[in-house]
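Asks: Coordinates in upload_16.txt, compact mmCIF, C-alpha atoms and all ligand atoms, are listed below.
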```txt
# COMPACT_ATOMS: atom_id res chain seq x y z
CA MET A 80 72.85 119.45 104.66
CA ILE A 81 76.53 118.82 103.91
CA THR A 82 78.36 116.71 101.35
CA VAL A 83 81.18 114.43 102.47
CA SER A 84 83.63 112.04 100.84
CA ILE A 85 85.60 109.10 102.21
CA VAL A 86 89.16 108.45 101.08
CA GLY A 87 90.02 104.81 101.77
CA ALA A 88 86.39 103.71 101.66
CA SER A 89 87.26 100.07 100.99
CA GLY A 90 88.66 99.47 104.48
CA TYR A 91 86.78 98.49 107.62
CA THR A 92 86.57 102.01 109.05
CA GLY A 93 85.55 103.27 105.60
CA ARG A 94 82.79 100.64 105.50
CA GLU A 95 81.62 101.70 108.96
CA LEU A 96 81.58 105.37 107.94
CA ILE A 97 79.38 104.60 104.93
CA LYS A 98 77.00 102.62 107.14
CA ILE A 99 76.64 105.42 109.71
CA LEU A 100 76.50 108.26 107.18
CA LEU A 101 73.76 106.56 105.13
CA LYS A 102 71.45 107.03 108.13
CA HIS A 103 72.61 110.59 108.92
CA PRO A 104 69.86 113.07 108.04
CA GLN A 105 72.25 115.97 107.40
CA VAL A 106 74.76 114.23 105.13
CA LYS A 107 75.02 113.36 101.46
CA ILE A 108 77.91 111.15 100.32
CA ALA A 109 79.83 112.33 97.23
CA HIS A 110 82.96 110.25 96.54
CA LEU A 111 84.16 106.93 97.94
CA THR A 112 87.75 106.23 96.94
CA SER A 113 89.76 103.05 96.62
CA GLU A 114 92.81 102.43 94.46
CA THR A 115 92.44 98.63 94.61
CA TYR A 116 88.68 98.45 93.91
CA LYS A 117 88.19 101.52 91.68
CA GLY A 118 85.28 100.97 89.30
CA LYS A 119 83.69 98.24 91.42
CA ARG A 120 80.29 98.67 93.02
CA ILE A 121 80.47 99.22 96.78
CA SER A 122 78.23 96.17 97.30
CA GLU A 123 80.77 93.97 95.50
CA LEU A 124 83.12 94.46 98.45
CA HIS A 125 81.15 95.58 101.50
CA LYS A 126 78.70 93.18 103.06
CA GLY A 127 75.76 94.49 105.11
CA PRO A 128 74.25 97.99 105.14
CA ALA A 129 77.29 99.79 103.67
CA GLY A 130 76.64 97.84 100.46
CA PHE A 131 73.18 99.46 100.16
CA ILE A 132 74.73 102.64 98.74
CA ASP A 133 74.30 102.86 94.98
CA LYS A 134 77.83 104.01 94.12
CA ARG A 135 81.16 102.77 92.80
CA PHE A 136 84.63 103.13 94.25
CA GLU A 137 86.66 105.80 92.49
CA LYS A 138 90.36 106.48 92.16
CA LEU A 139 91.33 109.43 94.37
CA ASN A 140 91.26 112.74 92.54
CA ILE A 141 92.10 115.43 95.10
CA ASP A 142 90.67 118.33 93.06
CA LYS A 143 87.39 116.57 92.30
CA VAL A 144 86.89 115.33 95.88
CA ALA A 145 87.70 118.77 97.30
CA GLN A 146 85.40 120.52 94.85
CA ASP A 147 82.41 118.31 95.68
CA SER A 148 82.85 117.97 99.47
CA ASP A 149 82.41 120.13 102.56
CA LEU A 150 84.27 117.53 104.64
CA ILE A 151 86.62 114.70 103.77
CA PHE A 152 87.18 111.65 105.99
CA LEU A 153 90.51 109.91 105.42
CA ALA A 154 90.59 106.25 106.42
CA LEU A 155 94.07 105.34 105.15
CA PRO A 156 96.99 103.59 106.85
CA HIS A 157 99.39 105.80 108.82
CA GLY A 158 101.95 107.49 106.61
CA LYS A 159 99.51 107.59 103.69
CA SER A 160 97.32 110.35 105.11
CA GLN A 161 99.94 113.06 105.67
CA LYS A 162 99.93 114.41 102.12
CA PRO A 163 96.24 114.22 101.14
CA VAL A 164 95.23 115.74 104.49
CA ALA A 165 97.59 118.67 103.84
CA GLU A 166 96.26 119.08 100.30
CA PHE A 167 92.59 119.11 101.34
CA PHE A 168 93.37 121.48 104.21
CA LYS A 169 95.19 123.84 101.83
CA LYS A 170 92.11 123.89 99.64
CA GLY A 171 90.10 125.14 102.63
CA LYS A 172 88.27 121.88 103.32
CA LYS A 173 87.39 120.44 106.70
CA VAL A 174 89.17 117.16 107.28
CA ILE A 175 88.89 114.27 109.73
CA ASP A 176 91.84 111.88 109.60
CA LEU A 177 91.30 108.43 111.10
CA SER A 178 94.97 107.46 110.85
CA ALA A 179 97.69 108.26 113.37
CA ASP A 180 99.37 110.82 111.10
CA TYR A 181 98.16 113.96 112.89
CA ARG A 182 97.71 112.65 116.45
CA LEU A 183 101.19 113.11 117.93
CA LYS A 184 102.17 116.74 118.41
CA ASP A 185 105.88 115.99 118.66
CA LYS A 186 107.19 115.03 115.23
CA SER A 187 110.22 113.31 116.77
CA LEU A 188 107.85 110.97 118.61
CA TYR A 189 106.11 110.26 115.30
CA LYS A 190 109.49 109.44 113.76
CA ARG A 191 110.46 107.23 116.70
CA TRP A 192 107.23 105.20 116.89
CA TYR A 193 106.16 105.16 113.25
CA GLY A 194 109.59 105.28 111.60
CA LEU A 195 108.54 108.15 109.33
CA GLU A 196 109.40 111.83 108.96
CA HIS A 197 106.44 114.19 109.32
CA SER A 198 106.42 116.49 106.30
CA TYR A 199 103.83 118.92 107.72
CA PRO A 200 104.91 119.76 111.28
CA ARG A 201 103.09 123.09 111.28
CA LEU A 202 99.83 121.46 110.29
CA LEU A 203 100.41 118.93 113.04
CA GLN A 204 100.11 121.78 115.52
CA ARG A 205 96.79 122.90 114.01
CA ALA A 206 95.20 119.45 114.31
CA VAL A 207 92.80 118.97 117.21
CA TYR A 208 92.81 115.58 118.94
CA GLY A 209 89.28 114.38 118.27
CA LEU A 210 88.15 113.10 121.63
CA PRO A 211 84.90 115.07 122.12
CA GLU A 212 84.62 114.26 125.83
CA ILE A 213 87.78 116.32 126.39
CA TYR A 214 88.17 118.70 123.42
CA LYS A 215 84.57 119.51 122.49
CA GLU A 216 85.03 123.28 122.12
CA GLU A 217 88.30 122.94 120.17
CA ILE A 218 86.70 120.41 117.81
CA LYS A 219 83.77 122.76 117.15
CA ASN A 220 86.21 125.40 115.87
CA SER A 221 88.57 123.09 114.05
CA SER A 222 89.09 122.35 110.36
CA LEU A 223 91.43 119.44 110.99
CA VAL A 224 90.61 116.71 113.46
CA ALA A 225 92.98 113.86 114.24
CA ASN A 226 90.57 111.09 115.18
CA PRO A 227 91.95 109.11 118.16
CA GLY A 228 93.15 105.53 118.03
CA CYS A 229 90.86 102.77 119.26
CA TYR A 230 92.89 101.65 122.29
CA PRO A 231 93.66 105.26 123.32
CA THR A 232 89.93 106.08 123.29
CA GLY A 233 89.14 103.31 125.79
CA VAL A 234 92.13 103.98 128.03
CA ILE A 235 91.98 107.80 128.06
CA LEU A 236 88.23 107.89 128.77
CA GLY A 237 88.88 105.35 131.53
CA VAL A 238 91.34 107.43 133.54
CA ALA A 239 90.76 111.06 132.49
CA PRO A 240 88.44 111.93 135.43
CA LEU A 241 90.96 110.63 137.99
CA LEU A 242 93.92 112.48 136.49
CA ALA A 243 91.93 115.68 136.03
CA HIS A 244 91.15 115.59 139.77
CA GLY A 245 94.67 114.59 140.88
CA LEU A 246 93.33 111.29 142.18
CA GLY A 247 95.75 108.37 142.09
CA ASP A 248 99.25 108.07 140.67
CA GLY A 249 99.15 108.54 136.87
CA ASN A 250 102.60 107.03 136.51
CA SER A 251 101.44 103.77 138.06
CA ILE A 252 98.90 103.11 135.28
CA ILE A 253 98.85 99.62 133.82
CA ALA A 254 96.41 99.17 130.96
CA ASP A 255 95.64 95.69 129.72
CA ALA A 256 93.43 95.75 126.65
CA LYS A 257 91.79 93.11 124.48
CA SER A 258 90.61 93.78 120.96
CA GLY A 259 88.60 92.00 118.30
CA VAL A 260 90.27 91.16 115.01
CA SER A 261 88.74 94.01 112.98
CA GLY A 262 91.09 96.34 114.89
CA ALA A 263 93.77 95.36 112.40
CA GLY A 264 91.71 96.40 109.37
CA ARG A 265 91.22 94.43 106.20
CA ARG A 266 94.90 93.59 105.78
CA LEU A 267 96.09 90.09 104.98
CA ASP A 268 98.40 89.01 107.75
CA SER A 269 98.48 85.39 108.84
CA ALA A 270 98.06 86.34 112.53
CA TYR A 271 94.51 87.41 111.67
CA TYR A 272 93.49 84.29 109.69
CA PHE A 273 90.52 82.43 111.20
CA SER A 274 92.64 79.33 111.87
CA GLU A 275 95.28 81.37 113.70
CA CYS A 276 93.07 83.47 115.96
CA HIS A 277 89.99 81.26 116.50
CA GLU A 278 90.15 79.60 119.96
CA ASN A 279 93.34 81.56 120.65
CA LEU A 280 94.35 84.55 122.79
CA THR A 281 97.63 86.38 122.25
CA ALA A 282 99.42 89.47 123.51
CA TYR A 283 101.19 91.46 120.81
CA ASN A 284 103.55 94.44 120.52
CA VAL A 285 104.21 94.07 124.24
CA GLY A 286 105.81 97.25 125.58
CA LYS A 287 106.03 98.79 122.11
CA HIS A 288 102.54 99.32 120.72
CA ARG A 289 102.27 102.56 118.74
CA HIS A 290 99.31 103.74 120.78
CA ILE A 291 101.52 104.17 123.87
CA PRO A 292 102.87 107.67 122.98
CA GLU A 293 99.36 108.81 122.03
CA ILE A 294 97.92 107.73 125.37
CA GLU A 295 100.86 109.28 127.25
CA GLN A 296 100.57 112.55 125.31
CA GLU A 297 96.92 112.95 126.23
CA LEU A 298 97.18 111.77 129.85
CA SER A 299 100.11 114.13 130.39
CA LYS A 300 98.00 117.04 129.13
CA ILE A 301 95.11 116.13 131.42
CA SER A 302 97.23 115.62 134.53
CA LYS A 303 99.63 118.50 133.71
CA GLU A 304 102.64 116.29 134.39
CA LYS A 305 104.56 113.82 132.27
CA ILE A 306 102.84 110.45 132.42
CA THR A 307 104.42 107.14 131.44
CA ILE A 308 102.24 104.05 131.32
CA SER A 309 102.46 100.30 130.79
CA PHE A 310 100.13 99.10 128.04
CA THR A 311 99.67 95.59 126.70
CA PRO A 312 97.22 94.83 123.88
CA HIS A 313 95.76 91.39 123.22
CA LEU A 314 94.01 89.87 120.24
CA VAL A 315 90.83 87.95 121.04
CA PRO A 316 88.82 85.81 118.65
CA MET A 317 85.87 88.12 118.15
CA ASP A 318 85.05 90.45 115.26
CA ARG A 319 84.85 93.76 117.05
CA GLY A 320 85.04 95.42 120.47
CA ILE A 321 87.73 96.36 122.98
CA LEU A 322 87.75 95.75 126.72
CA SER A 323 90.44 97.58 128.69
CA THR A 324 91.27 96.81 132.31
CA ILE A 325 93.23 99.66 133.85
CA TYR A 326 94.97 99.67 137.25
CA LEU A 327 96.19 102.76 139.07
CA ASN A 328 97.71 103.08 142.56
CA PHE A 329 96.42 105.48 145.18
CA GLU A 330 97.63 106.55 148.58
CA GLY A 331 95.50 107.43 151.58
CA LYS A 332 91.74 107.04 151.60
CA VAL A 333 89.74 106.85 148.39
CA SER A 334 86.20 105.51 148.43
CA LEU A 335 84.26 104.01 145.53
CA ASP A 336 81.44 106.49 146.29
CA ARG A 337 83.81 109.42 145.79
CA ILE A 338 85.36 108.07 142.60
CA TRP A 339 81.98 107.18 141.13
CA THR A 340 80.68 110.69 141.83
CA VAL A 341 83.78 112.22 140.19
CA TYR A 342 83.18 110.15 137.02
CA LYS A 343 79.46 110.93 136.89
CA LYS A 344 80.21 114.65 137.16
CA TYR A 345 83.11 114.62 134.69
CA TYR A 346 80.99 112.93 132.01
CA ARG A 347 77.67 114.66 132.77
CA LYS A 348 77.68 116.31 129.32
CA ALA A 349 79.08 113.30 127.46
CA PRO A 350 76.17 111.55 125.72
CA PHE A 351 78.24 108.51 124.75
CA VAL A 352 79.92 107.71 128.07
CA LYS A 353 77.98 105.52 130.49
CA ILE A 354 79.22 105.11 134.04
CA LEU A 355 77.81 101.80 135.23
CA PRO A 356 76.35 101.34 138.72
CA LYS A 357 79.01 100.92 141.41
CA ALA A 358 80.95 97.64 141.25
CA THR A 359 79.32 96.48 138.04
CA PHE A 360 81.43 96.00 134.96
CA PRO A 361 80.99 96.41 131.23
CA GLU A 362 80.82 93.69 128.63
CA VAL A 363 81.70 94.02 124.97
CA LYS A 364 78.33 92.68 123.77
CA ASN A 365 76.52 95.65 125.27
CA ILE A 366 78.37 98.25 123.18
CA VAL A 367 79.08 96.47 119.90
CA GLU A 368 77.72 98.46 116.90
CA THR A 369 77.22 101.52 119.15
CA ASN A 370 79.18 104.71 119.81
CA PHE A 371 79.08 104.17 123.58
CA CYS A 372 81.93 103.75 126.00
CA GLU A 373 80.88 101.96 129.17
CA ILE A 374 82.94 102.34 132.33
CA GLY A 375 82.91 100.20 135.47
CA LEU A 376 84.80 101.18 138.63
CA MET A 377 86.18 99.42 141.68
CA VAL A 378 88.41 100.51 144.54
CA ASP A 379 90.59 97.62 145.73
CA LYS A 380 91.46 98.67 149.28
CA ARG A 381 93.55 95.53 149.82
CA THR A 382 96.09 96.59 147.17
CA ASN A 383 95.43 100.35 147.17
CA ARG A 384 94.52 100.23 143.51
CA ILE A 385 91.66 101.70 141.56
CA ILE A 386 90.48 99.31 138.85
CA ILE A 387 88.68 100.75 135.84
CA ILE A 388 87.16 98.63 133.09
CA THR A 389 86.05 100.23 129.83
CA THR A 390 84.46 98.87 126.66
CA ILE A 391 84.10 100.40 123.22
CA ASP A 392 83.46 99.14 119.70
CA ASN A 393 86.81 99.72 117.99
CA LEU A 394 85.13 100.52 114.67
CA VAL A 395 82.53 102.90 116.14
CA LYS A 396 83.59 104.85 119.26
CA GLY A 397 87.16 103.74 118.47
CA ALA A 398 87.03 105.07 114.89
CA SER A 399 84.12 105.88 112.55
CA GLY A 400 81.40 106.68 115.11
CA GLN A 401 83.74 109.04 116.91
CA ALA A 402 84.62 110.60 113.54
CA VAL A 403 80.92 111.25 112.89
CA GLN A 404 80.55 112.64 116.44
CA ASN A 405 83.40 115.02 115.56
CA MET A 406 81.76 115.94 112.26
CA ASN A 407 78.54 116.76 114.12
CA LEU A 408 80.45 119.14 116.39
CA MET A 409 82.39 120.74 113.51
CA PHE A 410 79.17 121.52 111.61
CA GLY A 411 76.96 122.50 114.55
CA PHE A 412 74.72 119.41 114.31
CA LYS A 413 73.39 117.69 117.40
CA GLU A 414 76.33 115.70 118.82
CA THR A 415 74.38 112.44 118.72
CA GLU A 416 72.91 112.90 115.20
CA GLY A 417 73.12 109.68 113.18
CA LEU A 418 74.65 107.80 116.10
CA LEU A 419 71.72 106.76 118.29
N1 LIG A 501 90.26 99.09 112.36
C1 LIG A 501 90.10 99.80 113.45
O1 LIG A 501 89.49 99.33 114.44
C2 LIG A 501 90.65 101.20 113.55
C3 LIG A 501 90.32 101.97 114.67
C4 LIG A 501 90.83 103.27 114.78
C5 LIG A 501 91.65 103.78 113.78
N2 LIG A 501 91.97 103.01 112.72
C6 LIG A 501 92.85 103.61 111.70
O2 LIG A 501 92.05 103.98 110.57
C7 LIG A 501 92.79 103.82 109.38
C8 LIG A 501 92.02 102.86 108.47
O3 LIG A 501 91.89 101.63 109.16
P1 LIG A 501 91.09 100.40 108.59
O4 LIG A 501 90.96 99.44 109.70
O5 LIG A 501 89.87 100.87 107.89
O6 LIG A 501 92.15 99.83 107.54
P2 LIG A 501 91.90 98.87 106.30
O7 LIG A 501 90.68 98.07 106.46
O8 LIG A 501 93.20 98.15 106.10
O9 LIG A 501 91.69 99.91 105.09
C9 LIG A 501 92.73 100.76 104.68
C10 LIG A 501 92.30 101.62 103.52
O10 LIG A 501 93.45 102.32 103.07
C11 LIG A 501 93.71 102.03 101.71
N3 LIG A 501 95.14 101.71 101.55
C12 LIG A 501 95.78 100.60 101.94
N4 LIG A 501 97.10 100.68 101.66
C13 LIG A 501 97.27 101.86 101.06
C14 LIG A 501 98.38 102.54 100.54
N5 LIG A 501 99.59 101.99 100.57
N6 LIG A 501 98.20 103.77 100.03
C15 LIG A 501 96.99 104.32 100.00
N7 LIG A 501 95.88 103.72 100.48
C16 LIG A 501 96.02 102.53 101.01
C17 LIG A 501 92.88 100.84 101.34
O11 LIG A 501 92.31 101.14 100.09
P3 LIG A 501 92.62 100.59 98.67
O12 LIG A 501 91.34 99.94 98.29
O13 LIG A 501 92.92 101.84 97.94
O14 LIG A 501 93.77 99.62 98.69
C18 LIG A 501 91.75 100.84 102.37
O15 LIG A 501 90.66 101.58 101.87
C19 LIG A 501 94.17 103.28 109.77
O16 LIG A 501 95.09 104.31 109.85
C20 LIG A 501 93.91 102.66 111.15
O17 LIG A 501 95.05 102.64 111.96
C21 LIG A 501 91.48 101.73 112.56
```
Can I see the file as structure tokens?
Replies:
Amino acid sequence: MITVSIVGASGYTGRELIKILLKHPQVKIAHLTSETYKGKRISELHKGPAGFIDKRFEKLNIDKVAQDSDLIFLALPHGKSQKPVAEFFKKGKKVIDLSADYRLKDKSLYKRWYGLEHSYPRLLQRAVYGLPEIYKEEIKNSSLVANPGCYPTGVILGVAPLLAHGLGDGNSIIADAKSGVSGAGRRLDSAYYFSECHENLTAYNVGKHRHIPEIEQELSKISKEKITISFTPHLVPMDRGILSTIYLNFEGKVSLDRIWTVYKKYYRKAPFVKILPKATFPEVKNIVETNFCEIGLMVDKRTNRIIIITTIDNLVKGASGQAVQNMNLMFGFKETEGLL
């Protein structure tokens, strides 16, 4: 049994963490922090199962949280996690950061895409990118996990087997992804008002979304060459879920049978990745509220392109579920504990 705390528990990923952890047989929750809602009961803010916890939000007290926790989840906006992560780490605590603050290894990339200096570049190097399907062993031995972004999770899982096998041209990747509104968190921005997004479909941050360097960093590592991709996110009028359609060019002969076998083998030890039967494609409704990533494959011989479609729930496999999967690995629990 371990004790965990959530910093930034009033947000959507914080809410999802509470919900999952309440059902986890090996976890007790200590502190749930919020600066805005400190003193309020959790149920006054969070609707649904997260509100079942009989606790109040507390103002963050680093010493108290560290003293009472084996692991701390941070679910804060980027830029706000850097310092508390470093402080908890210094106190010898295990940390899982859901923000982007410890994902990019190159601090100049962080500065370029997030407009911020990284104050802990050495710690950045110690952080393990928390995608268990690729870094399982590293995560098991890590004290600091940088939980991946939601779009990167869907895109990286979608093309990793091809790049690892040198199949297709990694630099031809075009990823077109659609996300539900909860991907933006609880923030108040008019683009996310019901009247703005209901019955609407928009592309945003075209050619400049902050998840681009994260996806490129990881795909470059897998393929052992520098990969540059095109990525366009879209906002769709649903609460949660991401569907990514990814195109990649190939030369010569590639059959769907071969590709499908490569994916099945690559993910044979990945309990949360489902490769769908050949030429069938995932739908968001099948994975919502689960930690699964479903993948559908097609080889388009007419255009010499492989088409990969992936679905995840942005708040589960794209955030809090994946964080719990990482926690399970860090503490030697069954990888699926609390998530099935
Ligand atoms: N939503 C997703 O699908 C998703 C997926 C993957 C990763 N993420 C990442 O996970 C992190 C949390 O996302 P979220 O969707 O849960 O966001 P959210 O709903 O906006 O919640 C953000 C949390 O951070 C706190 N916060 C806000 N502004 C702050 C500030 N200036 N200083 C300190 N704390 C502040 C808020 O708490 P107070 O009550 O204290 O104001 C709230 O608890 C973000 O970095 C996000 O990029 C989100």
Asks: How many Å lie between CA of Val238 in chain A and CA of Leu177 in chain A, rounded to one decimal?
Replies: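 Spanning CA of Val238 in chain A to CA of Leu177 in chain A is a straight-line distance of 22.5 Å.
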Asks: For the atom pair CA of Leu150 in chain A and atom O17 of ligand LIG 501 (chain A), what is the interatomic distance in Å to one decimal place?
Replies: 19.8 Å
Asks: Do you know which residues are at most 12 Å from Ala398 in chain A counting all atoms listed in the file, after dropping those on the same chain fewer than 4 positions away, and could you put them as a ChimeraX atom specification?
Replies: /A:90-96,99,152-154,175-179,209-210,225-233,261-262,264,319-321,368-371,391-394,402-405
Asks: Using C-alpha atoms, can you write the selected residues to a file as a PDB file, in the frame of the given file?
Replies:
```pdb
ATOM      1  CA  GLY A  90      88.660  99.470 104.480  1.00  0.00           C
ATOM      2  CA  TYR A  91      86.780  98.490 107.620  1.00  0.00           C
ATOM      3  CA  THR A  92      86.570 102.010 109.050  1.00  0.00           C
ATOM      4  CA  GLY A  93      85.550 103.270 105.600  1.00  0.00           C
ATOM      5  CA  ARG A  94      82.790 100.640 105.500  1.00  0.00           C
ATOM      6  CA  GLU A  95      81.620 101.700 108.960  1.00  0.00           C
ATOM      7  CA  LEU A  96      81.580 105.370 107.940  1.00  0.00           C
ATOM      8  CA  ILE A  99      76.640 105.420 109.710  1.00  0.00           C
ATOM      9  CA  PHE A 152      87.180 111.650 105.990  1.00  0.00           C
ATOM     10  CA  LEU A 153      90.510 109.910 105.420  1.00  0.00           C
ATOM     11  CA  ALA A 154      90.590 106.250 106.420  1.00  0.00           C
ATOM     12  CA  ILE A 175      88.890 114.270 109.730  1.00  0.00           C
ATOM     13  CA  ASP A 176      91.840 111.880 109.600  1.00  0.00           C
ATOM     14  CA  LEU A 177      91.300 108.430 111.100  1.00  0.00           C
ATOM     15  CA  SER A 178      94.970 107.460 110.850  1.00  0.00           C
ATOM     16  CA  ALA A 179      97.690 108.260 113.370  1.00  0.00           C
ATOM     17  CA  GLY A 209      89.280 114.380 118.270  1.00  0.00           C
ATOM     18  CA  LEU A 210      88.150 113.100 121.630  1.00  0.00           C
ATOM     19  CA  ALA A 225      92.980 113.860 114.240  1.00  0.00           C
ATOM     20  CA  ASN A 226      90.570 111.090 115.180  1.00  0.00           C
ATOM     21  CA  PRO A 227      91.950 109.110 118.160  1.00  0.00           C
ATOM     22  CA  GLY A 228      93.150 105.530 118.030  1.00  0.00           C
ATOM     23  CA  CYS A 229      90.860 102.770 119.260  1.00  0.00           C
ATOM     24  CA  TYR A 230      92.890 101.650 122.290  1.00  0.00           C
ATOM     25  CA  PRO A 231      93.660 105.260 123.320  1.00  0.00           C
ATOM     26  CA  THR A 232      89.930 106.080 123.290  1.00  0.00           C
ATOM     27  CA  GLY A 233      89.140 103.310 125.790  1.00  0.00           C
ATOM     28  CA  SER A 261      88.740  94.010 112.980  1.00  0.00           C
ATOM     29  CA  GLY A 262      91.090  96.340 114.890  1.00  0.00           C
ATOM     30  CA  GLY A 264      91.710  96.400 109.370  1.00  0.00           C
ATOM     31  CA  ARG A 319      84.850  93.760 117.050  1.00  0.00           C
ATOM     32  CA  GLY A 320      85.040  95.420 120.470  1.00  0.00           C
ATOM     33  CA  ILE A 321      87.730  96.360 122.980  1.00  0.00           C
ATOM     34  CA  GLU A 368      77.720  98.460 116.900  1.00  0.00           C
ATOM     35  CA  THR A 369      77.220 101.520 119.150  1.00  0.00           C
ATOM     36  CA  ASN A 370      79.180 104.710 119.810  1.00  0.00           C
ATOM     37  CA  PHE A 371      79.080 104.170 123.580  1.00  0.00           C
ATOM     38  CA  ILE A 391      84.100 100.400 123.220  1.00  0.00           C
ATOM     39  CA  ASP A 392      83.460  99.140 119.700  1.00  0.00           C
ATOM     40  CA  ASN A 393      86.810  99.720 117.990  1.00  0.00           C
ATOM     41  CA  LEU A 394      85.130 100.520 114.670  1.00  0.00           C
ATOM     42  CA  ALA A 402      84.620 110.600 113.540  1.00  0.00           C
ATOM     43  CA  VAL A 403      80.920 111.250 112.890  1.00  0.00           C
ATOM     44  CA  GLN A 404      80.550 112.640 116.440  1.00  0.00           C
ATOM     45  CA  ASN A 405      83.400 115.020 115.560  1.00  0.00           C
TER      46      ASN A 405
END
```
Asks: Please compute the atom N3 of ligand LIG 501 (chain A)-CA of Met406 in chain A distance, one decimal, in Å.
Replies: 22.3 Å
Asks: Out of A:Leu124, A:Leu408, A:Leu241, A:Ile252, which residue has the shortest atom-to-atom distance to ligand LIG 501 (chain A) when counting all atoms listed in the file?
Replies: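 Distance minimum relative to ligand LIG 501 (chain A) lands on A:Leu124.
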Asks: With distances taken over only C-alpha atoms and all ligand atoms, which of A:Ala263, A:Ile308, A:Ile325, A:Ala256 is nearest to ligand LIG 501 (chain A)?
Replies: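 Using only C-alpha atoms and all ligand atoms, ligand LIG 501 (chain A) sits closest to A:Ala263.
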Asks: What's the 12 Å shell around Phe273 in chain A, counting all atoms listed in the file, without same-chain residues fewer than 6 positions away, as a list of chain:residue names?
Replies: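 Using all atoms listed in the file, the neighbours found are A:Val260, A:Ser261, A:Leu267, A:Asn279, A:Val315, A:Pro316, A:Met317, A:Asp318.
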Asks: Env of Ser148 in chain A: 8 Å cut, atoms = all atoms listed in the file, seq-sep filter 4 positions within chain, self excluded. Answer as number ranges by chain.
Replies: A: 81-84, 109, 144, 172
Asks: Looking at A:Glu216, A:Glu414, A:Glu373, A:Glu330, which one is nearest to Gly237 in chain A, with distances taken over only C-alpha atoms?
Replies: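 Between A:Glu216, A:Glu414, A:Glu373, A:Glu330, the residue approaching Gly237 in chain A most closely is A:Glu373.
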Asks: Considering only C-alpha atoms and all ligand atoms, state which residue in the set A:Gly259, A:Gly286, A:Gly171, A:Gly130 is at the smallest distance from ligand LIG 501 (chain A).
Replies: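 So, comparing all the options, the nearest one is A:Gly259.
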